[in-house]
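Structure first, commentary second.
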Amino acid sequence: MTWFLDHLAQVGGLLVTHAYLAVVPLVVGLALAVPLGWLATRFPRLYTPLITASGLLYTIPSLALFVLMPLVLGLGILNPLNVIVALTLYTVALLVRTVADGLSSVPEQVRQAATAMGIGPVRRFVTVELPLAVPVIAAGLRVAAVSNVSIVSVAALIGIAQLGSLFTDGFARDFLDPIVVGIVACIVLALILDLAIVALARAVTPWLRGGRAG
Amino acid sequence: MIRFSDVRKTYPDGTVAVDGLTLEAPTGQITVLVGPSGCGKTTSLRMINKMIEPTSGSITVDGRDISGMNADELRRGMGYVIQSGGLFPHRTVLDNIATVPLLLGVPKTQARVSAMELLERMGLSTSLAKRYPNQLSGGQQQRVGVARALAADPPIMLMDEPFSAVDPQVREQLQDEFLRLQGELGKTIVFVTHDIDEAVKLGDQVAVLRVGGTLAQLASPERLLADPADDFVADFLGRDRGYRGLAFAPGGSVPIGPEPTVVLGTSSDAARSVASGAAWLLIVDEAGAPVGWVEPARLGARVERSDLHRGGTVARASGSLRAALDAALSAPSRRGVLTDDAGRLIGTVSAHDVLAAIEGAGGSADGTPASSNGDGAP
């Protein structure tokens with residue numbers, strides 16, 4: 001506890017970086033997963049290849065991807081963009097399936113009614129299908145958020161400072177305090193992101209609130 | 001008028017959904033497509049708004065071939081109602097109804113005001129406007145579905161089993177309201193159902209389709225019941241065709257006899273003297289509306305509600321022979337109760353007199369000879 005209080009500013013700084021490295025890929029990944037998920041549902045032939053490819057992507061060990069990224073992107077090894085791109089890939093891998101499943105969960109009746117009323121495909125996607133897919137997408141987003149918070153810490157091994165640095169630091173010095181603080185901070189960050197996603201999803205799905213009535 | 005000319009729809013796997021369909025849905029009338037599942041009725045309906053493209057043949061709306069028309073524009077001019085309404089779960093009742101007017105560029109406030117009026121017109125409380133569809137009952141959802149289809153006042157309505165998902169009592173109510181509304185609006189309606197009773201009740205003309213998508217018979221409901229084109233149509237129509245056909249025969253010709261009555265609450269002695277020995281006595285309320293039959297011999301001190309026998313149906317004098325006959329057959333006294341349109345008692349009829357009227361009408365609801373109207377059934 002005294003260690004934590006003594007290093008409050010340092011931990012705070014690491015927390016902010018950690019949050020930044022976890023959230024930016026989450027947002028960018030979602031933005032990329034939506035059109036990919038749409039492709040997977042719109043063209044059933046693409047579903048299996050897209051889902052398989054994204055599944056395989058997720059199995060690449062994060063450390064390997066972090067090491068590989070500078071080579072692929074041509075950036076310096078310490079550039080945080082490497083981490084952001086790698087995590088974006090993981091987020092996309094997790095979310096393509098979720099988005100596709102969310103869009104498939106839209107009742108066929110509703111889709112047909114929309115078509116029959118003269119709502120064209122693009123407008124239908126934006127105004128009908130995507131809003132109705134929000135609950136499923138939000139569920140996937142929660143998993144991706146927690147996963148990102150956890151994977152970001154691995155980047156400490158390639159020298160990108162964030163909460164994971166507390167683990168490497170603690171291990172190097174055989175000193176437990178920073179490790180415990182790092183774990184607690186990661187959990188708190190994951191919880192905050194999770195709650196934020198739940199609150200946001202709730203705010204944009206007012207029709208799911210309030211019970212059935214006669 | 002919607003016209004199908006030799007329309008055929010085959011799917012890549014070789015299934016023939018619709019085969020050589022030629023059919024006209026006249027302007028301002030209800031055309032019902034009815035048949036067992038797999039008869040291509042929904043496919044046919046969806047070809048009208050280009051949700052399905054025909055493999056060959058043509059469909060015209062008011063003389064214009066729809067194949068060259070923009071699908072979305074065409075659809076905005078056709079109201080579409082499906083089972084359970086197909087409402088948007090994420091939009092309020094009001095926004096659901098206003099969907100097409102908004103697509104057509106009607107200002108938001110104006111669209112909402114008209115949506116509110118439609119809500120009332122459909123017999124729904126305006127307090128439902130801000131609710132979401134999952135907060136409504138099945139019948140309410142269905143009404144909102146019809147309101148949404150009517151919102152842009154399209155001349156054509158396409159309805160795909162719109163009343164199938166609600167319980168029988170609500171269905172009948174919805175059908176009655178639908179007919180009343182159509183009486184006011186006079187839309188050109190194509191209505192798909194698998195329920196022959198619904199087809200006969202709602203259709204100005206009924207197209208019976210058979211599996212494989214061929215037209216078995218196209219005729220008015222009374223003609224269909226009186227003269228099925230073949231065994232398939234006859235089987236599909238089912239039992240009691242003669243009796244059901246009476247629904248189309250006006251009951252005006254049956255002689256109505258006076259019926260002695262007493263008002264609810266009358267003393268038993270007075271009731272017995274009015275009945276003068278008859279086994280059953282008809283009871284009315286203060287307004288003169290029949291409420292039920294009693295057996296004078298079994299009364300207590302007064303005629304109470306608990307004494308009433310409620311087996312008898314009540315027919316309107318302006319109604320059909322079927323209703324009059326049923327009133328007679330269901331009454332414990334075998335005298336059928338007839339009322340005016342306000343529900344006040346006019347008198348009673350006997351089953352014998354109704355049957356005499358049926359025979360007097362020529363034995364059939366329409367006197368045309370058989371086998372002249374088996375369109376599409378070679």
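Chain labels run A, B, ... following the order of the structure tokens; each chain numbers its residues from 1, and ligands are numbered from 1 in the order shown.
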| task | Compile the contact shell of region 105-118 of chain A as a ChimeraX atom specification: residues with an atom at most 10 Å away, counting only C-alpha atoms, same-chain residues fewer than 6 positions apart removed. | result | /A:99,124-125,127-133,135-136 /B:46,49-51,70-89,99-100,103-104,145,148-149,158
| request: Within region 200-305 of chain B, find each residue whose DSSP state, derived from the backbone, is strand (DSSP E or B), and express the selection as a list of chain:residue names. | output: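 Written out, the strand (DSSP E or B) residues of region 200-305 of chain B are B:Gln205, B:Val206, B:Ala207, B:Val208, B:Leu209, B:Arg210, B:Thr214, B:Leu215, B:Ala216, B:Gln217, B:Leu218, B:Ala219, B:Pro250, B:Gly257, B:Thr261, B:Val262, B:Val263, B:Ser267, B:Leu281, B:Leu282, B:Ile283, B:Val284, B:Pro290, B:Val291, B:Gly292, B:Trp293, B:Val294, B:Arg302.
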Those same residues, written as a tab-separated table (two decimals), in the first residue's frame with N, CA and C atoms?
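out21.tsv was written with the following content:
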chain	number	residue	atom	x	y	z
B	205	GLN	N	-63.10	-11.53	-54.49
B	205	GLN	CA	-62.87	-12.72	-55.31
B	205	GLN	C	-61.77	-13.54	-54.64
B	206	VAL	N	-61.86	-14.86	-54.83
B	206	VAL	CA	-60.92	-15.77	-54.18
B	206	VAL	C	-60.21	-16.60	-55.25
B	207	ALA	N	-58.87	-16.60	-55.19
B	207	ALA	CA	-58.09	-17.44	-56.10
B	207	ALA	C	-57.57	-18.62	-55.30
B	208	VAL	N	-58.04	-19.83	-55.63
B	208	VAL	CA	-57.55	-21.02	-54.94
B	208	VAL	C	-56.36	-21.57	-55.74
B	209	LEU	N	-55.21	-21.68	-55.07
B	209	LEU	CA	-54.00	-22.18	-55.73
B	209	LEU	C	-53.70	-23.58	-55.21
B	210	ARG	N	-53.14	-24.40	-56.08
B	210	ARG	CA	-52.77	-25.74	-55.63
B	210	ARG	C	-51.25	-25.86	-55.58
B	214	THR	N	-50.27	-23.59	-59.42
B	214	THR	CA	-51.23	-23.35	-60.50
B	214	THR	C	-52.55	-22.90	-59.90
B	215	LEU	N	-53.28	-22.12	-60.68
B	215	LEU	CA	-54.56	-21.60	-60.24
B	215	LEU	C	-55.63	-22.67	-60.42
B	216	ALA	N	-56.28	-23.05	-59.32
B	216	ALA	CA	-57.31	-24.08	-59.43
B	216	ALA	C	-58.66	-23.46	-59.76
B	217	GLN	N	-58.96	-22.33	-59.16
B	217	GLN	CA	-60.22	-21.65	-59.43
B	217	GLN	C	-60.14	-20.20	-58.98
B	218	LEU	N	-60.74	-19.34	-59.77
B	218	LEU	CA	-60.85	-17.92	-59.41
B	218	LEU	C	-62.32	-17.57	-59.48
B	219	ALA	N	-62.91	-17.22	-58.35
B	219	ALA	CA	-64.35	-16.96	-58.35
B	219	ALA	C	-64.72	-16.14	-57.13
B	250	PRO	N	-79.07	-12.97	-48.73
B	250	PRO	CA	-79.71	-12.02	-47.82
B	250	PRO	C	-80.95	-12.62	-47.15
B	257	GLY	N	-92.26	-13.30	-37.43
B	257	GLY	CA	-93.45	-13.32	-36.59
B	257	GLY	C	-93.25	-12.50	-35.33
B	261	THR	N	-92.86	-10.75	-25.28
B	261	THR	CA	-91.67	-10.60	-24.43
B	261	THR	C	-92.05	-9.94	-23.11
B	262	VAL	N	-91.21	-10.12	-22.11
B	262	VAL	CA	-91.29	-9.31	-20.90
B	262	VAL	C	-89.89	-8.78	-20.60
B	263	VAL	N	-89.86	-7.69	-19.81
B	263	VAL	CA	-88.59	-7.06	-19.46
B	263	VAL	C	-87.99	-7.81	-18.27
B	267	SER	N	-92.36	-9.72	-12.65
B	267	SER	CA	-92.76	-10.79	-11.73
B	267	SER	C	-93.10	-12.05	-12.52
B	281	LEU	N	-90.06	-18.31	-23.01
B	281	LEU	CA	-90.47	-16.91	-23.14
B	281	LEU	C	-89.21	-16.07	-23.35
B	282	LEU	N	-89.30	-15.13	-24.31
B	282	LEU	CA	-88.13	-14.29	-24.62
B	282	LEU	C	-88.10	-13.08	-23.68
B	283	ILE	N	-86.91	-12.79	-23.14
B	283	ILE	CA	-86.73	-11.66	-22.22
B	283	ILE	C	-85.94	-10.57	-22.93
B	284	VAL	N	-86.37	-9.31	-22.75
B	284	VAL	CA	-85.63	-8.18	-23.32
B	284	VAL	C	-85.20	-7.25	-22.19
B	290	PRO	N	-82.96	-8.16	-27.04
B	290	PRO	CA	-83.16	-9.49	-26.46
B	290	PRO	C	-81.96	-9.88	-25.59
B	291	VAL	N	-82.25	-10.47	-24.42
B	291	VAL	CA	-81.14	-10.89	-23.55
B	291	VAL	C	-81.12	-12.40	-23.34
B	292	GLY	N	-82.24	-13.11	-23.59
B	292	GLY	CA	-82.22	-14.56	-23.45
B	292	GLY	C	-83.63	-15.12	-23.26
B	293	TRP	N	-83.68	-16.45	-23.23
B	293	TRP	CA	-84.96	-17.15	-23.06
B	293	TRP	C	-85.07	-17.65	-21.61
B	294	VAL	N	-86.34	-17.75	-21.11
B	294	VAL	CA	-86.55	-18.41	-19.81
B	294	VAL	C	-87.68	-19.43	-19.95
B	302	ARG	N	-89.27	-13.54	-9.51
B	302	ARG	CA	-89.10	-12.59	-10.63
B	302	ARG	C	-88.22	-13.21	-11.70
| Leu73 (chain A) surroundings by only C-alpha atoms, 9 Å radius, close-in-sequence under 4 positions cut, as a count of residues only | 3
| task | Could you pull out the residues in region 92-323 of chain B that DSSP calls helix (DSSP H, G or I) from the backbone, as number ranges by chain? | result | B: 93-97, 99-103, 108-121, 126-128, 133-135, 138-150, 168-185, 196-202, 221-226, 231-237, 241-248, 268-275, 296-298, 305-307, 321-323
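Look at Ile346 (chain B): the protein and nucleic acid residues within 9 Å of it, using only C-alpha atoms and passing over chain neighbours fewer than 6 places away, are Ile256, Gly257, Pro258, Glu259, Ala317, Val337, Leu338, Thr339 and Asp340 of chain B.
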Store the residues picked out above, limited to C-alpha atoms, as a PDB file, in the first residue's frame.
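Here's the written file result-v3.pdb:
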ATOM      1  CA  ILE B 256     -90.846 -12.457 -39.225  1.00  0.00           C
ATOM      2  CA  GLY B 257     -93.449 -13.321 -36.591  1.00  0.00           C
ATOM      3  CA  PRO B 258     -94.228 -11.213 -33.501  1.00  0.00           C
ATOM      4  CA  GLU B 259     -92.781 -12.569 -30.261  1.00  0.00           C
ATOM      5  CA  ALA B 317     -82.899  -8.859 -39.966  1.00  0.00           C
ATOM      6  CA  VAL B 337     -84.374 -13.983 -32.664  1.00  0.00           C
ATOM      7  CA  LEU B 338     -84.024 -11.165 -35.207  1.00  0.00           C
ATOM      8  CA  THR B 339     -83.072  -7.581 -34.353  1.00  0.00           C
ATOM      9  CA  ASP B 340     -82.707  -4.322 -36.207  1.00  0.00           C
TER      10      ASP B 340
END
| said: Need to verify the contact set: Ser62 (chain A), 10 Å, only C-alpha atoms, exclusion of same-chain residues closer than 5 positions in sequence. Can you return it as a list in words? | reply: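 Close residues of Ser62 (chain A): Val67, Leu68, Val83, Ala86, Leu87, Tyr90, Ile151, Val152, Val154 and Ala155 of chain A.
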| field | Contacts of region 197-201 of chain B at 6 Å (only C-alpha atoms; same-chain gap of 2+ positions) as an MDAnalysis selection string | value | chainID B and resid 32 195 203 221
Output file for the residues above (C-alpha atoms, as a PDB file, in the first residue's frame):
ATOM      1  CA  VAL B  32     -57.606 -13.369 -51.761  1.00  0.00           C
ATOM      2  CA  ASP B 195     -57.500 -20.247 -44.085  1.00  0.00           C
ATOM      3  CA  GLY B 203     -62.564 -11.806 -50.487  1.00  0.00           C
ATOM      4  CA  PRO B 221     -66.773 -16.661 -52.520  1.00  0.00           C
TER       5      PRO B 221
END
| Atomic distance CA of Arg8 (chain B) - CA of Pro54 (chain B), expressed in Å with one decimal | 6.0 Å
| said: Between CA of Ile196 (chain B) and CA of Phe232 (chain B), what distance in Å does the model show, to one decimal? | reply: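 Here the two named atoms are 12.8 Å from each other.
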| field | Residue nearest chain B - candidates A:Ile158, A:Val28, A:Leu193, A:Ile119, atoms counted: only C-alpha atoms | value |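 Answer, going by the shortest atom-to-atom distance: A:Ile119.
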| field | Point-to-point distance from CA of Asp160 (chain B) to CA of Lys130 (chain B), Å rounded to tenths | value | 26.4 Å
| said: List as a ChimeraX atom specification the protein and nucleic acid residues near Ser56 (chain B), meaning an atom at most 12 Å away when only C-alpha atoms are counted, but skip any in the same chain fewer than 5 places from it. | reply: /B:4-11,16,18-22,47,67
Write the residues of the preceding selection, restricted to N, CA, C and O atoms, as an mmCIF file, in the first residue's frame.
data_model
loop_
_atom_site.group_PDB
_atom_site.id
_atom_site.type_symbol
_atom_site.label_atom_id
_atom_site.label_comp_id
_atom_site.auth_asym_id
_atom_site.auth_seq_id
_atom_site.Cartn_x
_atom_site.Cartn_y
_atom_site.Cartn_z
ATOM 1 N N PHE B 4 -51.512 -10.326 -63.489
ATOM 2 C CA PHE B 4 -50.482 -11.344 -63.712
ATOM 3 C C PHE B 4 -50.747 -11.947 -65.095
ATOM 4 O O PHE B 4 -51.870 -12.364 -65.343
ATOM 5 N N SER B 5 -49.732 -11.986 -65.963
ATOM 6 C CA SER B 5 -49.902 -12.635 -67.258
ATOM 7 C C SER B 5 -48.916 -13.784 -67.383
ATOM 8 O O SER B 5 -47.718 -13.561 -67.510
ATOM 9 N N ASP B 6 -49.441 -14.985 -67.311
ATOM 10 C CA ASP B 6 -48.649 -16.195 -67.500
ATOM 11 C C ASP B 6 -47.345 -16.154 -66.693
ATOM 12 O O ASP B 6 -46.263 -16.413 -67.210
ATOM 13 N N VAL B 7 -47.451 -15.815 -65.418
ATOM 14 C CA VAL B 7 -46.272 -15.644 -64.576
ATOM 15 C C VAL B 7 -45.793 -16.993 -64.054
ATOM 16 O O VAL B 7 -46.578 -17.828 -63.625
ATOM 17 N N ARG B 8 -44.483 -17.178 -64.154
ATOM 18 C CA ARG B 8 -43.882 -18.428 -63.723
ATOM 19 C C ARG B 8 -42.669 -18.107 -62.864
ATOM 20 O O ARG B 8 -41.933 -17.161 -63.135
ATOM 21 N N LYS B 9 -42.498 -18.853 -61.768
ATOM 22 C CA LYS B 9 -41.313 -18.667 -60.940
ATOM 23 C C LYS B 9 -40.709 -20.027 -60.648
ATOM 24 O O LYS B 9 -41.354 -20.883 -60.033
ATOM 25 N N THR B 10 -39.476 -20.223 -61.125
ATOM 26 C CA THR B 10 -38.775 -21.462 -60.790
ATOM 27 C C THR B 10 -37.491 -21.078 -60.064
ATOM 28 O O THR B 10 -36.886 -20.051 -60.350
ATOM 29 N N TYR B 11 -37.117 -21.898 -59.097
ATOM 30 C CA TYR B 11 -35.885 -21.641 -58.359
ATOM 31 C C TYR B 11 -34.749 -22.466 -58.960
ATOM 32 O O TYR B 11 -35.007 -23.459 -59.660
ATOM 33 N N VAL B 16 -40.707 -25.487 -58.820
ATOM 34 C CA VAL B 16 -41.613 -24.544 -59.471
ATOM 35 C C VAL B 16 -42.532 -23.983 -58.391
ATOM 36 O O VAL B 16 -43.325 -24.696 -57.793
ATOM 37 N N VAL B 18 -44.457 -20.966 -58.797
ATOM 38 C CA VAL B 18 -45.664 -20.445 -59.437
ATOM 39 C C VAL B 18 -45.597 -20.853 -60.900
ATOM 40 O O VAL B 18 -44.564 -20.728 -61.540
ATOM 41 N N ASP B 19 -46.718 -21.372 -61.425
ATOM 42 C CA ASP B 19 -46.679 -21.931 -62.769
ATOM 43 C C ASP B 19 -47.826 -21.384 -63.620
ATOM 44 O O ASP B 19 -48.978 -21.740 -63.416
ATOM 45 N N GLY B 20 -47.477 -20.513 -64.538
ATOM 46 C CA GLY B 20 -48.462 -20.021 -65.501
ATOM 47 C C GLY B 20 -49.633 -19.297 -64.867
ATOM 48 O O GLY B 20 -50.785 -19.518 -65.253
ATOM 49 N N LEU B 21 -49.346 -18.433 -63.918
ATOM 50 C CA LEU B 21 -50.428 -17.737 -63.221
ATOM 51 C C LEU B 21 -50.915 -16.542 -64.032
ATOM 52 O O LEU B 21 -50.143 -15.650 -64.387
ATOM 53 N N THR B 22 -52.196 -16.557 -64.346
ATOM 54 C CA THR B 22 -52.826 -15.410 -64.993
ATOM 55 C C THR B 22 -53.996 -15.007 -64.111
ATOM 56 O O THR B 22 -54.833 -15.832 -63.768
ATOM 57 N N MET B 47 -44.093 -11.099 -55.703
ATOM 58 C CA MET B 47 -43.680 -10.686 -57.045
ATOM 59 C C MET B 47 -44.314 -9.340 -57.390
ATOM 60 O O MET B 47 -43.798 -8.609 -58.231
ATOM 61 N N SER B 67 -41.570 -4.548 -64.209
ATOM 62 C CA SER B 67 -40.180 -5.013 -64.319
ATOM 63 C C SER B 67 -39.225 -3.847 -64.557
ATOM 64 O O SER B 67 -38.074 -3.893 -64.156
#
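Among B:Ala98, B:Ala357, B:Met1, B:Ala328, the residue with the shortest atom-to-atom distance to chain A, counting only C-alpha atoms, is B:Ala98.
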